>>> print(open('final_7.txt').read())   # compact mmCIF, N, CA and C atoms
# COMPACT_ATOMS: atom_id res chain seq x y z
N MET Y 766 103.26 20.14 99.89
CA MET Y 766 102.70 20.47 101.18
C MET Y 766 103.21 21.86 101.56
N PRO Y 767 102.34 22.75 101.95
CA PRO Y 767 102.77 24.09 102.37
C PRO Y 767 103.62 24.02 103.64
N TYR Y 768 104.61 24.88 103.70
CA TYR Y 768 105.49 24.90 104.87
C TYR Y 768 104.74 25.17 106.16
N ARG Y 769 103.68 25.95 106.10
CA ARG Y 769 102.92 26.23 107.33
C ARG Y 769 102.32 24.96 107.92
N ASP Y 770 102.11 23.94 107.08
CA ASP Y 770 101.60 22.66 107.55
C ASP Y 770 102.72 21.70 107.96
N LEU Y 771 103.89 21.87 107.36
CA LEU Y 771 104.99 20.92 107.57
C LEU Y 771 105.95 21.32 108.69
N LEU Y 772 106.41 22.57 108.69
CA LEU Y 772 107.50 22.95 109.58
C LEU Y 772 107.21 22.80 111.07
N PRO Y 773 106.03 23.17 111.55
CA PRO Y 773 105.82 23.01 113.00
C PRO Y 773 106.06 21.58 113.49
N SER Y 774 105.57 20.59 112.74
CA SER Y 774 105.77 19.21 113.17
C SER Y 774 107.18 18.72 112.85
N LEU Y 775 107.78 19.20 111.77
CA LEU Y 775 109.13 18.79 111.41
C LEU Y 775 110.12 19.13 112.52
N PHE Y 776 110.01 20.33 113.07
CA PHE Y 776 110.94 20.76 114.10
C PHE Y 776 110.69 20.10 115.46
N GLN Y 777 109.66 19.26 115.56
CA GLN Y 777 109.46 18.49 116.78
C GLN Y 777 110.42 17.30 116.85
N MET Y 778 111.01 16.94 115.71
CA MET Y 778 112.00 15.87 115.72
C MET Y 778 113.23 16.34 116.49
N ASN Y 779 113.86 15.44 117.19
CA ASN Y 779 115.09 15.77 117.90
C ASN Y 779 116.27 15.57 116.95
N ALA Y 780 116.32 16.44 115.95
CA ALA Y 780 117.38 16.40 114.95
C ALA Y 780 118.22 17.67 115.09
N GLY Y 781 119.49 17.56 114.77
CA GLY Y 781 120.41 18.67 114.95
C GLY Y 781 120.43 19.67 113.82
N TYR Y 782 120.06 19.25 112.61
CA TYR Y 782 120.05 20.22 111.52
C TYR Y 782 119.01 19.85 110.48
N PHE Y 783 118.60 20.87 109.74
CA PHE Y 783 117.61 20.72 108.69
C PHE Y 783 118.08 21.45 107.45
N LEU Y 784 117.93 20.83 106.30
CA LEU Y 784 118.20 21.45 105.00
C LEU Y 784 116.85 21.82 104.41
N ILE Y 785 116.64 23.11 104.19
CA ILE Y 785 115.31 23.59 103.82
C ILE Y 785 115.34 24.28 102.47
N GLN Y 786 114.54 23.77 101.54
CA GLN Y 786 114.40 24.43 100.25
C GLN Y 786 113.85 25.83 100.50
N PHE Y 787 114.54 26.84 99.98
CA PHE Y 787 114.12 28.20 100.27
C PHE Y 787 114.29 29.15 99.09
N ALA Y 788 115.35 28.99 98.32
CA ALA Y 788 115.64 29.95 97.24
C ALA Y 788 114.48 30.07 96.25
N SER Y 789 113.78 28.99 96.02
CA SER Y 789 112.69 29.01 95.05
C SER Y 789 111.36 29.45 95.65
N GLU Y 790 111.34 29.73 96.95
CA GLU Y 790 110.10 30.20 97.59
C GLU Y 790 109.77 31.61 97.10
N ARG Y 791 108.50 31.85 96.85
CA ARG Y 791 108.09 33.18 96.38
C ARG Y 791 107.89 34.16 97.53
N ASP Y 792 107.26 33.71 98.58
CA ASP Y 792 106.96 34.57 99.73
C ASP Y 792 107.86 34.14 100.88
N LYS Y 793 109.04 34.73 100.96
CA LYS Y 793 110.11 34.25 101.83
C LYS Y 793 109.93 34.56 103.32
N ASP Y 794 109.50 35.76 103.66
CA ASP Y 794 109.43 36.13 105.07
C ASP Y 794 108.53 35.20 105.90
N PRO Y 795 107.36 34.80 105.41
CA PRO Y 795 106.56 33.86 106.22
C PRO Y 795 107.27 32.53 106.48
N VAL Y 796 108.06 32.07 105.51
CA VAL Y 796 108.80 30.82 105.71
C VAL Y 796 109.88 31.04 106.77
N LEU Y 797 110.59 32.15 106.68
CA LEU Y 797 111.61 32.45 107.68
C LEU Y 797 110.99 32.57 109.07
N GLU Y 798 109.84 33.19 109.13
CA GLU Y 798 109.16 33.33 110.42
C GLU Y 798 108.78 31.97 111.00
N LEU Y 799 108.29 31.07 110.15
CA LEU Y 799 107.96 29.72 110.61
C LEU Y 799 109.20 28.99 111.13
N ILE Y 800 110.29 29.10 110.40
CA ILE Y 800 111.53 28.45 110.81
C ILE Y 800 111.99 29.01 112.15
N GLY Y 801 111.99 30.33 112.27
CA GLY Y 801 112.43 30.95 113.51
C GLY Y 801 111.54 30.64 114.69
N THR Y 802 110.25 30.54 114.45
CA THR Y 802 109.29 30.26 115.52
C THR Y 802 109.35 28.82 115.99
N HIS Y 803 109.54 27.89 115.06
CA HIS Y 803 109.39 26.48 115.41
C HIS Y 803 110.70 25.71 115.58
N SER Y 804 111.81 26.22 115.04
CA SER Y 804 113.08 25.53 115.29
C SER Y 804 113.45 25.75 116.76
N ARG Y 805 114.20 24.81 117.30
CA ARG Y 805 114.44 24.82 118.75
C ARG Y 805 115.92 24.96 119.10
N GLU Y 806 116.15 25.73 120.13
CA GLU Y 806 117.49 25.86 120.70
C GLU Y 806 117.91 24.55 121.38
N ASP Y 807 116.92 23.83 121.90
CA ASP Y 807 117.21 22.59 122.62
C ASP Y 807 116.28 21.48 122.13
N ALA Y 808 116.81 20.64 121.28
CA ALA Y 808 116.08 19.47 120.80
C ALA Y 808 116.72 18.25 121.46
N ASP Y 809 116.37 18.04 122.71
CA ASP Y 809 116.94 16.96 123.51
C ASP Y 809 118.46 17.10 123.59
N GLY Y 810 118.90 18.32 123.92
CA GLY Y 810 120.32 18.58 124.13
C GLY Y 810 121.07 19.08 122.91
N VAL Y 811 120.41 19.19 121.79
CA VAL Y 811 121.06 19.62 120.55
C VAL Y 811 120.31 20.82 119.98
N ALA Y 812 121.06 21.87 119.64
CA ALA Y 812 120.43 23.02 118.98
C ALA Y 812 120.15 22.67 117.53
N GLN Y 813 118.99 23.05 117.04
CA GLN Y 813 118.63 22.78 115.65
C GLN Y 813 119.19 23.89 114.75
N VAL Y 814 120.05 23.51 113.83
CA VAL Y 814 120.62 24.44 112.87
C VAL Y 814 119.81 24.33 111.58
N CYS Y 815 119.45 25.47 111.04
CA CYS Y 815 118.61 25.52 109.84
C CYS Y 815 119.43 26.02 108.66
N TYR Y 816 119.70 25.13 107.73
CA TYR Y 816 120.42 25.48 106.51
C TYR Y 816 119.37 25.79 105.45
N ILE Y 817 119.30 27.05 105.06
CA ILE Y 817 118.30 27.43 104.07
C ILE Y 817 118.93 27.46 102.68
N GLY Y 818 118.14 27.04 101.70
CA GLY Y 818 118.60 27.07 100.31
C GLY Y 818 118.75 28.50 99.83
N VAL Y 819 119.94 28.84 99.38
CA VAL Y 819 120.20 30.19 98.87
C VAL Y 819 120.49 30.20 97.38
N THR Y 820 120.56 29.02 96.77
CA THR Y 820 120.69 28.91 95.32
C THR Y 820 119.66 27.91 94.82
N ASN Y 821 119.18 28.15 93.62
CA ASN Y 821 118.19 27.28 93.00
C ASN Y 821 118.83 26.54 91.83
N PRO Y 822 119.23 25.27 92.01
CA PRO Y 822 119.87 24.52 90.94
C PRO Y 822 119.00 24.30 89.72
N GLN Y 823 117.69 24.47 89.85
CA GLN Y 823 116.79 24.27 88.72
C GLN Y 823 116.70 25.49 87.82
N ASN Y 824 117.31 26.60 88.22
CA ASN Y 824 117.27 27.83 87.45
C ASN Y 824 118.69 28.17 87.03
N PRO Y 825 118.94 28.40 85.74
CA PRO Y 825 120.30 28.67 85.29
C PRO Y 825 120.83 30.05 85.70
N ARG Y 826 119.98 30.93 86.22
CA ARG Y 826 120.47 32.24 86.66
C ARG Y 826 121.35 32.03 87.89
N VAL Y 827 122.55 32.60 87.85
CA VAL Y 827 123.49 32.45 88.95
C VAL Y 827 123.24 33.56 89.97
N GLU Y 828 122.93 33.16 91.19
CA GLU Y 828 122.73 34.11 92.28
C GLU Y 828 124.09 34.71 92.63
N SER Y 829 124.13 36.01 92.84
CA SER Y 829 125.40 36.66 93.19
C SER Y 829 125.72 36.41 94.66
N ALA Y 830 126.98 36.53 95.01
CA ALA Y 830 127.39 36.41 96.41
C ALA Y 830 126.68 37.46 97.26
N GLU Y 831 126.47 38.66 96.71
CA GLU Y 831 125.78 39.72 97.44
C GLU Y 831 124.32 39.36 97.71
N GLU Y 832 123.65 38.77 96.71
CA GLU Y 832 122.26 38.32 96.91
C GLU Y 832 122.18 37.27 98.02
N ILE Y 833 123.12 36.34 97.99
CA ILE Y 833 123.14 35.28 98.98
C ILE Y 833 123.40 35.86 100.36
N CYS Y 834 124.34 36.77 100.45
CA CYS Y 834 124.62 37.44 101.71
C CYS Y 834 123.37 38.15 102.23
N ASP Y 835 122.71 38.90 101.36
CA ASP Y 835 121.49 39.63 101.76
C ASP Y 835 120.40 38.68 102.24
N THR Y 836 120.27 37.53 101.58
CA THR Y 836 119.27 36.54 101.99
C THR Y 836 119.56 36.03 103.39
N LEU Y 837 120.81 35.73 103.67
CA LEU Y 837 121.18 35.21 104.98
C LEU Y 837 121.05 36.27 106.08
N VAL Y 838 121.43 37.50 105.75
CA VAL Y 838 121.28 38.58 106.74
C VAL Y 838 119.80 38.80 107.04
N ARG Y 839 118.95 38.75 106.02
CA ARG Y 839 117.50 38.88 106.24
C ARG Y 839 116.99 37.71 107.08
N ALA Y 840 117.46 36.51 106.78
CA ALA Y 840 117.02 35.34 107.53
C ALA Y 840 117.37 35.46 109.01
N ALA Y 841 118.48 36.13 109.31
CA ALA Y 841 118.90 36.31 110.71
C ALA Y 841 117.95 37.23 111.48
N ASP Y 842 117.07 37.92 110.78
CA ASP Y 842 116.02 38.69 111.47
C ASP Y 842 114.99 37.76 112.10
N PHE Y 843 114.94 36.51 111.65
CA PHE Y 843 113.94 35.55 112.10
C PHE Y 843 114.54 34.34 112.81
N ILE Y 844 115.71 33.91 112.34
CA ILE Y 844 116.37 32.71 112.84
C ILE Y 844 117.62 33.14 113.59
N PRO Y 845 117.85 32.62 114.79
CA PRO Y 845 119.08 33.00 115.50
C PRO Y 845 120.31 32.75 114.62
N LYS Y 846 121.16 33.74 114.49
CA LYS Y 846 122.29 33.67 113.56
C LYS Y 846 123.25 32.53 113.87
N GLU Y 847 123.30 32.10 115.12
CA GLU Y 847 124.16 30.99 115.49
C GLU Y 847 123.60 29.65 115.00
N ARG Y 848 122.34 29.65 114.61
CA ARG Y 848 121.68 28.41 114.16
C ARG Y 848 121.24 28.52 112.71
N LEU Y 849 121.92 29.36 111.95
CA LEU Y 849 121.57 29.61 110.55
C LEU Y 849 122.72 29.19 109.65
N GLY Y 850 122.39 28.50 108.57
CA GLY Y 850 123.40 28.10 107.60
C GLY Y 850 122.85 28.20 106.20
N ALA Y 851 123.72 27.98 105.23
CA ALA Y 851 123.35 28.08 103.81
C ALA Y 851 123.57 26.74 103.11
N THR Y 852 122.68 26.45 102.18
CA THR Y 852 122.80 25.26 101.34
C THR Y 852 122.16 25.60 100.00
N ASP Y 853 121.99 24.60 99.16
CA ASP Y 853 121.31 24.76 97.88
C ASP Y 853 119.92 24.17 98.01
N ASP Y 854 119.00 24.60 97.15
CA ASP Y 854 117.63 24.08 97.22
C ASP Y 854 117.57 22.57 97.00
N CYS Y 855 118.42 22.04 96.17
CA CYS Y 855 118.50 20.60 95.95
C CYS Y 855 119.86 20.33 95.34
N GLY Y 856 120.19 19.08 95.13
CA GLY Y 856 121.52 18.74 94.64
C GLY Y 856 121.77 19.09 93.19
N PHE Y 857 123.04 19.27 92.89
CA PHE Y 857 123.49 19.47 91.52
C PHE Y 857 123.97 18.13 90.98
N SER Y 858 124.07 18.05 89.68
CA SER Y 858 124.72 16.88 89.08
C SER Y 858 125.75 17.39 88.07
N PRO Y 859 126.77 18.11 88.57
CA PRO Y 859 127.69 18.78 87.65
C PRO Y 859 128.63 17.88 86.88
N PHE Y 860 128.81 16.63 87.29
CA PHE Y 860 129.76 15.77 86.61
C PHE Y 860 129.12 14.83 85.61
N SER Y 861 127.82 14.76 85.60
CA SER Y 861 127.16 13.82 84.70
C SER Y 861 126.87 14.47 83.35
N ILE Y 862 126.58 13.65 82.40
CA ILE Y 862 126.12 14.15 81.11
C ILE Y 862 124.62 14.33 81.27
N ASP Y 863 124.24 15.48 81.72
CA ASP Y 863 122.87 15.76 82.14
C ASP Y 863 122.32 16.89 81.28
N GLU Y 864 121.54 16.55 80.29
CA GLU Y 864 120.93 17.56 79.43
C GLU Y 864 119.77 18.20 80.17
N LYS Y 865 119.94 19.42 80.59
CA LYS Y 865 118.88 20.14 81.29
C LYS Y 865 118.24 21.10 80.30
N PRO Y 866 116.94 21.05 80.16
CA PRO Y 866 116.27 21.90 79.17
C PRO Y 866 116.55 23.39 79.36
N LEU Y 867 116.66 23.85 80.58
CA LEU Y 867 116.89 25.28 80.81
C LEU Y 867 118.36 25.66 80.75
N HIS Y 868 119.24 24.68 80.84
CA HIS Y 868 120.67 24.97 80.91
C HIS Y 868 121.38 24.82 79.56
N GLY Y 869 120.87 24.01 78.67
CA GLY Y 869 121.59 23.79 77.42
C GLY Y 869 122.50 22.59 77.53
N SER Y 870 123.77 22.78 77.20
CA SER Y 870 124.72 21.66 77.18
C SER Y 870 125.11 21.22 78.59
N PRO Y 871 125.60 19.98 78.73
CA PRO Y 871 126.06 19.51 80.04
C PRO Y 871 127.21 20.36 80.58
N ASP Y 872 128.10 20.82 79.69
CA ASP Y 872 129.21 21.66 80.15
C ASP Y 872 128.69 22.97 80.74
N TYR Y 873 127.69 23.55 80.11
CA TYR Y 873 127.12 24.79 80.63
C TYR Y 873 126.48 24.54 82.00
N ALA Y 874 125.76 23.44 82.14
CA ALA Y 874 125.14 23.11 83.42
C ALA Y 874 126.19 22.96 84.51
N ARG Y 875 127.29 22.32 84.18
CA ARG Y 875 128.38 22.14 85.15
C ARG Y 875 128.98 23.49 85.54
N ASP Y 876 129.21 24.34 84.55
CA ASP Y 876 129.77 25.67 84.83
C ASP Y 876 128.85 26.48 85.73
N VAL Y 877 127.56 26.43 85.45
CA VAL Y 877 126.58 27.15 86.28
C VAL Y 877 126.59 26.60 87.71
N ALA Y 878 126.63 25.29 87.84
CA ALA Y 878 126.63 24.67 89.18
C ALA Y 878 127.83 25.14 89.99
N PHE Y 879 129.01 25.14 89.38
CA PHE Y 879 130.19 25.56 90.12
C PHE Y 879 130.16 27.06 90.43
N GLN Y 880 129.61 27.87 89.55
CA GLN Y 880 129.46 29.30 89.85
C GLN Y 880 128.53 29.51 91.03
N LYS Y 881 127.41 28.78 91.04
CA LYS Y 881 126.45 28.90 92.13
C LYS Y 881 127.08 28.47 93.46
N ILE Y 882 127.82 27.38 93.46
CA ILE Y 882 128.45 26.90 94.68
C ILE Y 882 129.50 27.89 95.17
N ALA Y 883 130.32 28.40 94.27
CA ALA Y 883 131.34 29.39 94.66
C ALA Y 883 130.68 30.64 95.25
N ASN Y 884 129.60 31.09 94.64
CA ASN Y 884 128.90 32.28 95.16
C ASN Y 884 128.24 31.99 96.51
N ARG Y 885 127.75 30.76 96.70
CA ARG Y 885 127.16 30.41 97.99
C ARG Y 885 128.22 30.47 99.08
N VAL Y 886 129.39 29.93 98.81
CA VAL Y 886 130.48 29.94 99.79
C VAL Y 886 130.88 31.38 100.10
N GLU Y 887 131.09 32.19 99.08
CA GLU Y 887 131.49 33.59 99.28
C GLU Y 887 130.38 34.39 99.96
N GLY Y 888 129.14 34.23 99.53
CA GLY Y 888 128.03 34.94 100.14
C GLY Y 888 127.84 34.58 101.60
N THR Y 889 128.08 33.32 101.93
CA THR Y 889 127.98 32.88 103.32
C THR Y 889 129.08 33.53 104.16
N ARG Y 890 130.28 33.61 103.61
CA ARG Y 890 131.37 34.29 104.33
C ARG Y 890 131.04 35.77 104.56
N MET Y 891 130.51 36.40 103.53
CA MET Y 891 130.15 37.81 103.64
C MET Y 891 129.09 38.01 104.72
N ALA Y 892 128.08 37.14 104.72
CA ALA Y 892 127.01 37.24 105.72
C ALA Y 892 127.56 37.00 107.12
N ALA Y 893 128.45 36.03 107.28
CA ALA Y 893 129.05 35.78 108.59
C ALA Y 893 129.78 37.02 109.09
N ASP Y 894 130.49 37.68 108.20
CA ASP Y 894 131.17 38.93 108.58
C ASP Y 894 130.17 39.99 109.02
N ARG Y 895 129.12 40.17 108.23
CA ARG Y 895 128.11 41.20 108.56
C ARG Y 895 127.37 40.87 109.83
N LEU Y 896 127.16 39.60 110.12
CA LEU Y 896 126.42 39.19 111.31
C LEU Y 896 127.31 39.01 112.53
N GLY Y 897 128.62 39.06 112.32
CA GLY Y 897 129.54 38.91 113.45
C GLY Y 897 129.63 37.51 114.01
N VAL Y 898 129.50 36.52 113.13
CA VAL Y 898 129.66 35.13 113.57
C VAL Y 898 130.84 34.52 112.82
N ALA Y 899 131.36 33.44 113.34
CA ALA Y 899 132.47 32.77 112.68
C ALA Y 899 132.00 32.17 111.36
N ALA Y 900 132.79 32.40 110.33
CA ALA Y 900 132.47 31.80 109.04
C ALA Y 900 132.69 30.29 109.13
N PRO Y 901 131.81 29.53 108.52
CA PRO Y 901 131.98 28.07 108.56
C PRO Y 901 133.24 27.65 107.81
N ALA Y 902 133.85 26.55 108.26
CA ALA Y 902 135.04 26.04 107.61
C ALA Y 902 134.73 25.62 106.19
N ALA Y 903 133.60 24.97 106.00
CA ALA Y 903 133.16 24.58 104.67
C ALA Y 903 131.66 24.87 104.60
N ALA Y 904 131.29 25.68 103.64
CA ALA Y 904 129.87 26.06 103.53
C ALA Y 904 129.18 25.18 102.54
>>> encode(input="final_7.txt", output="structure tokens")
Amino acid sequence: MPYRDLLPSLFQMNAGYFLIQFASERDKDPVLELIGTHSREDADGVAQVCYIGVTNPQNPRVESAEEICDTLVRAADFIPKERLGATDDCGFSPFSIDEKPLHGSPDYARDVAFQKIANRVEGTRMAADRLGVAAPAAA
């Protein structure tokens, strides 16, 4: 389902946060614009925080901390920085014996997952510094 059809109604829920697949999106600015336009400062007394995916677990390429920082800083052009967070596009399975066709061995997949997570944490800290907001305790 295209985000233009989903997000307006999704943000009508009185939920405090949303985890949004984003790293794998091809045309990012329209998605950010939708999130910024439709997420709410007040969802029945709770601000909606939007955690956008900044790493793609389905791709073995490791996003750099700088790329992640740049993505979050760009997202802050659309989404209030106080309601912006970082996550992964979907979950990792770094501890299982999980043969991924694009990753090779399970050990390689685990190594890639931990590199991506470490870069997400560092990139989020960098973005928080650039945006002048408190870095999250755990990203």
>>> residues_around(input="final_7.txt", residues="Gly888 of chain Y", least_positions_apart="5", cutoff="6.5 Å", atoms="all atoms listed in the file", output="list in words")
Ser829, Ala830, Glu831, Ile833, Cys834, Ala883 and Ala893 of chain Y
>>> residues_around(input="final_7.txt", residues="Ala812 of chain Y", least_positions_apart="6", cutoff="8 Å", atoms="only C-alpha atoms", output="MDAnalysis selection string")
chainID Y and resid 781:782 805:806 848
>>> atom_distance(input="final_7.txt", atom1="atom CA of Ser774 of chain Y", atom2="atom CA of Leu896 of chain Y")
28.8 Å
>>> atom_distance(input="final_7.txt", atom1="atom CA of Gly897 of chain Y", atom2="atom C of Ile844 of chain Y")
13.2 Å
>>> select_by_dssp(input="final_7.txt", residues="segment 791-859 of chain Y", states="alpha helix (DSSP H)", output="mmCIF file with N, CA and C atoms, keeping the file's coordinate frame")
data_model
loop_
_atom_site.group_PDB
_atom_site.id
_atom_site.type_symbol
_atom_site.label_atom_id
_atom_site.label_comp_id
_atom_site.auth_asym_id
_atom_site.auth_seq_id
_atom_site.Cartn_x
_atom_site.Cartn_y
_atom_site.Cartn_z
ATOM 1 N N LYS Y 793 109.040 34.730 100.960
ATOM 2 C CA LYS Y 793 110.110 34.250 101.830
ATOM 3 C C LYS Y 793 109.930 34.560 103.320
ATOM 4 N N ASP Y 794 109.500 35.760 103.660
ATOM 5 C CA ASP Y 794 109.430 36.130 105.070
ATOM 6 C C ASP Y 794 108.530 35.200 105.900
ATOM 7 N N PRO Y 795 107.360 34.800 105.410
ATOM 8 C CA PRO Y 795 106.560 33.860 106.220
ATOM 9 C C PRO Y 795 107.270 32.530 106.480
ATOM 10 N N VAL Y 796 108.060 32.070 105.510
ATOM 11 C CA VAL Y 796 108.800 30.820 105.710
ATOM 12 C C VAL Y 796 109.880 31.040 106.770
ATOM 13 N N LEU Y 797 110.590 32.150 106.680
ATOM 14 C CA LEU Y 797 111.610 32.450 107.680
ATOM 15 C C LEU Y 797 110.990 32.570 109.070
ATOM 16 N N GLU Y 798 109.840 33.190 109.130
ATOM 17 C CA GLU Y 798 109.160 33.330 110.420
ATOM 18 C C GLU Y 798 108.780 31.970 111.000
ATOM 19 N N LEU Y 799 108.290 31.070 110.150
ATOM 20 C CA LEU Y 799 107.960 29.720 110.610
ATOM 21 C C LEU Y 799 109.200 28.990 111.130
ATOM 22 N N ILE Y 800 110.290 29.100 110.400
ATOM 23 C CA ILE Y 800 111.530 28.450 110.810
ATOM 24 C C ILE Y 800 111.990 29.010 112.150
ATOM 25 N N GLY Y 801 111.990 30.330 112.270
ATOM 26 C CA GLY Y 801 112.430 30.950 113.510
ATOM 27 C C GLY Y 801 111.540 30.640 114.690
ATOM 28 N N THR Y 802 110.250 30.540 114.450
ATOM 29 C CA THR Y 802 109.290 30.260 115.520
ATOM 30 C C THR Y 802 109.350 28.820 115.990
ATOM 31 N N HIS Y 803 109.540 27.890 115.060
ATOM 32 C CA HIS Y 803 109.390 26.480 115.410
ATOM 33 C C HIS Y 803 110.700 25.710 115.580
ATOM 34 N N ALA Y 830 126.980 36.530 95.010
ATOM 35 C CA ALA Y 830 127.390 36.410 96.410
ATOM 36 C C ALA Y 830 126.680 37.460 97.260
ATOM 37 N N GLU Y 831 126.470 38.660 96.710
ATOM 38 C CA GLU Y 831 125.780 39.720 97.440
ATOM 39 C C GLU Y 831 124.320 39.360 97.710
ATOM 40 N N GLU Y 832 123.650 38.770 96.710
ATOM 41 C CA GLU Y 832 122.260 38.320 96.910
ATOM 42 C C GLU Y 832 122.180 37.270 98.020
ATOM 43 N N ILE Y 833 123.120 36.340 97.990
ATOM 44 C CA ILE Y 833 123.140 35.280 98.980
ATOM 45 C C ILE Y 833 123.400 35.860 100.360
ATOM 46 N N CYS Y 834 124.340 36.770 100.450
ATOM 47 C CA CYS Y 834 124.620 37.440 101.710
ATOM 48 C C CYS Y 834 123.370 38.150 102.230
ATOM 49 N N ASP Y 835 122.710 38.900 101.360
ATOM 50 C CA ASP Y 835 121.490 39.630 101.760
ATOM 51 C C ASP Y 835 120.400 38.680 102.240
ATOM 52 N N THR Y 836 120.270 37.530 101.580
ATOM 53 C CA THR Y 836 119.270 36.540 101.990
ATOM 54 C C THR Y 836 119.560 36.030 103.390
ATOM 55 N N LEU Y 837 120.810 35.730 103.670
ATOM 56 C CA LEU Y 837 121.180 35.210 104.980
ATOM 57 C C LEU Y 837 121.050 36.270 106.080
ATOM 58 N N VAL Y 838 121.430 37.500 105.750
ATOM 59 C CA VAL Y 838 121.280 38.580 106.740
ATOM 60 C C VAL Y 838 119.800 38.800 107.040
ATOM 61 N N ARG Y 839 118.950 38.750 106.020
ATOM 62 C CA ARG Y 839 117.500 38.880 106.240
ATOM 63 C C ARG Y 839 116.990 37.710 107.080
ATOM 64 N N ALA Y 840 117.460 36.510 106.780
ATOM 65 C CA ALA Y 840 117.020 35.340 107.530
ATOM 66 C C ALA Y 840 117.370 35.460 109.010
#
>>> select_by_dssp(input="final_7.txt", residues="chain Y", states="strand (DSSP E)", output="list in words")
Tyr782, Phe783, Leu784, Ile785, Val814, Cys815, Tyr816, Ile817, Gly818, Val819, Thr820, Leu849, Gly850, Ala851, Thr852 and Asp853 of chain Y
>>> closest_residue(input="final_7.txt", among="Y:Leu775, Y:Ala874, Y:Lys846, Y:Val827", to="Val898 of chain Y", atoms="all atoms listed in the file")
Y:Lys846
>>> closest_residue(input="final_7.txt", among="Y:Pro773, Y:Gly856, Y:Pro795, Y:Pro767", to="Pro822 of chain Y", atoms="only N, CA and C atoms")
Y:Gly856
>>> atom_distance(input="final_7.txt", atom1="atom CA of Leu849 of chain Y", atom2="atom CA of Asp876 of chain Y")
27.3 Å
>>> residues_around(input="final_7.txt", residues="Glu828 of chain Y", least_positions_apart="2", cutoff="7 Å", atoms="only N, CA and C atoms", output="number ranges by chain")
Y: 819-821, 825-826, 830-833, 880-881, 884-885
>>> residues_around(input="final_7.txt", residues="Gln777 of chain Y", least_positions_apart="5", cutoff="8 Å", atoms="all atoms listed in the file", output="ChimeraX atom specification")
/Y:772,803-805,808
>>> residues_around(input="final_7.txt", residues="Phe843 of chain Y", least_positions_apart="2", cutoff="7 Å", atoms="only C-alpha atoms", output="PyMOL selection string")
chain Y and resi 797-798+801+840-841+845
>>> decode(input="final_7.txt", residues="segment 779-783 of chain Y", atoms="all heavy atoms", output="PDB file, in the first residue's frame")
ATOM      1  N   ASN Y 779      -4.732   7.398  18.145  1.00  0.00           N
ATOM      2  CA  ASN Y 779      -4.169   8.085  19.302  1.00  0.00           C
ATOM      3  C   ASN Y 779      -3.048   7.230  19.882  1.00  0.00           C
ATOM      4  O   ASN Y 779      -3.154   6.680  20.972  1.00  0.00           O
ATOM      5  CB  ASN Y 779      -5.250   8.373  20.345  1.00  0.00           C
ATOM      6  CG  ASN Y 779      -6.193   9.442  19.870  1.00  0.00           C
ATOM      7  OD1 ASN Y 779      -5.803  10.351  19.150  1.00  0.00           O
ATOM      8  ND2 ASN Y 779      -7.451   9.336  20.254  1.00  0.00           N
ATOM      9  N   ALA Y 780      -1.973   7.132  19.110  1.00  0.00           N
ATOM     10  CA  ALA Y 780      -0.801   6.363  19.513  1.00  0.00           C
ATOM     11  C   ALA Y 780       0.358   7.325  19.711  1.00  0.00           C
ATOM     12  O   ALA Y 780       0.447   8.352  19.044  1.00  0.00           O
ATOM     13  CB  ALA Y 780      -0.459   5.333  18.442  1.00  0.00           C
ATOM     14  N   GLY Y 781       1.253   6.975  20.619  1.00  0.00           N
ATOM     15  CA  GLY Y 781       2.356   7.853  20.960  1.00  0.00           C
ATOM     16  C   GLY Y 781       3.560   7.761  20.047  1.00  0.00           C
ATOM     17  O   GLY Y 781       4.330   8.710  19.961  1.00  0.00           O
ATOM     18  N   TYR Y 782       3.744   6.616  19.384  1.00  0.00           N
ATOM     19  CA  TYR Y 782       4.882   6.535  18.477  1.00  0.00           C
ATOM     20  C   TYR Y 782       4.602   5.566  17.345  1.00  0.00           C
ATOM     21  O   TYR Y 782       3.776   4.671  17.452  1.00  0.00           O
ATOM     22  CB  TYR Y 782       6.178   6.171  19.204  1.00  0.00           C
ATOM     23  CG  TYR Y 782       6.263   4.749  19.716  1.00  0.00           C
ATOM     24  CD1 TYR Y 782       6.808   3.736  18.939  1.00  0.00           C
ATOM     25  CD2 TYR Y 782       5.817   4.432  20.990  1.00  0.00           C
ATOM     26  CE1 TYR Y 782       6.896   2.441  19.410  1.00  0.00           C
ATOM     27  CE2 TYR Y 782       5.911   3.144  21.466  1.00  0.00           C
ATOM     28  CZ  TYR Y 782       6.450   2.156  20.674  1.00  0.00           C
ATOM     29  OH  TYR Y 782       6.532   0.870  21.143  1.00  0.00           O
ATOM     30  N   PHE Y 783       5.337   5.781  16.260  1.00  0.00           N
ATOM     31  CA  PHE Y 783       5.205   4.966  15.064  1.00  0.00           C
ATOM     32  C   PHE Y 783       6.590   4.589  14.573  1.00  0.00           C
ATOM     33  O   PHE Y 783       7.493   5.426  14.542  1.00  0.00           O
ATOM     34  CB  PHE Y 783       4.467   5.744  13.958  1.00  0.00           C
ATOM     35  CG  PHE Y 783       3.058   6.078  14.323  1.00  0.00           C
ATOM     36  CD1 PHE Y 783       2.768   7.218  15.047  1.00  0.00           C
ATOM     37  CD2 PHE Y 783       2.015   5.241  13.953  1.00  0.00           C
ATOM     38  CE1 PHE Y 783       1.461   7.528  15.395  1.00  0.00           C
ATOM     39  CE2 PHE Y 783       0.703   5.543  14.304  1.00  0.00           C
ATOM     40  CZ  PHE Y 783       0.429   6.697  15.029  1.00  0.00           C
TER      41      PHE Y 783
END
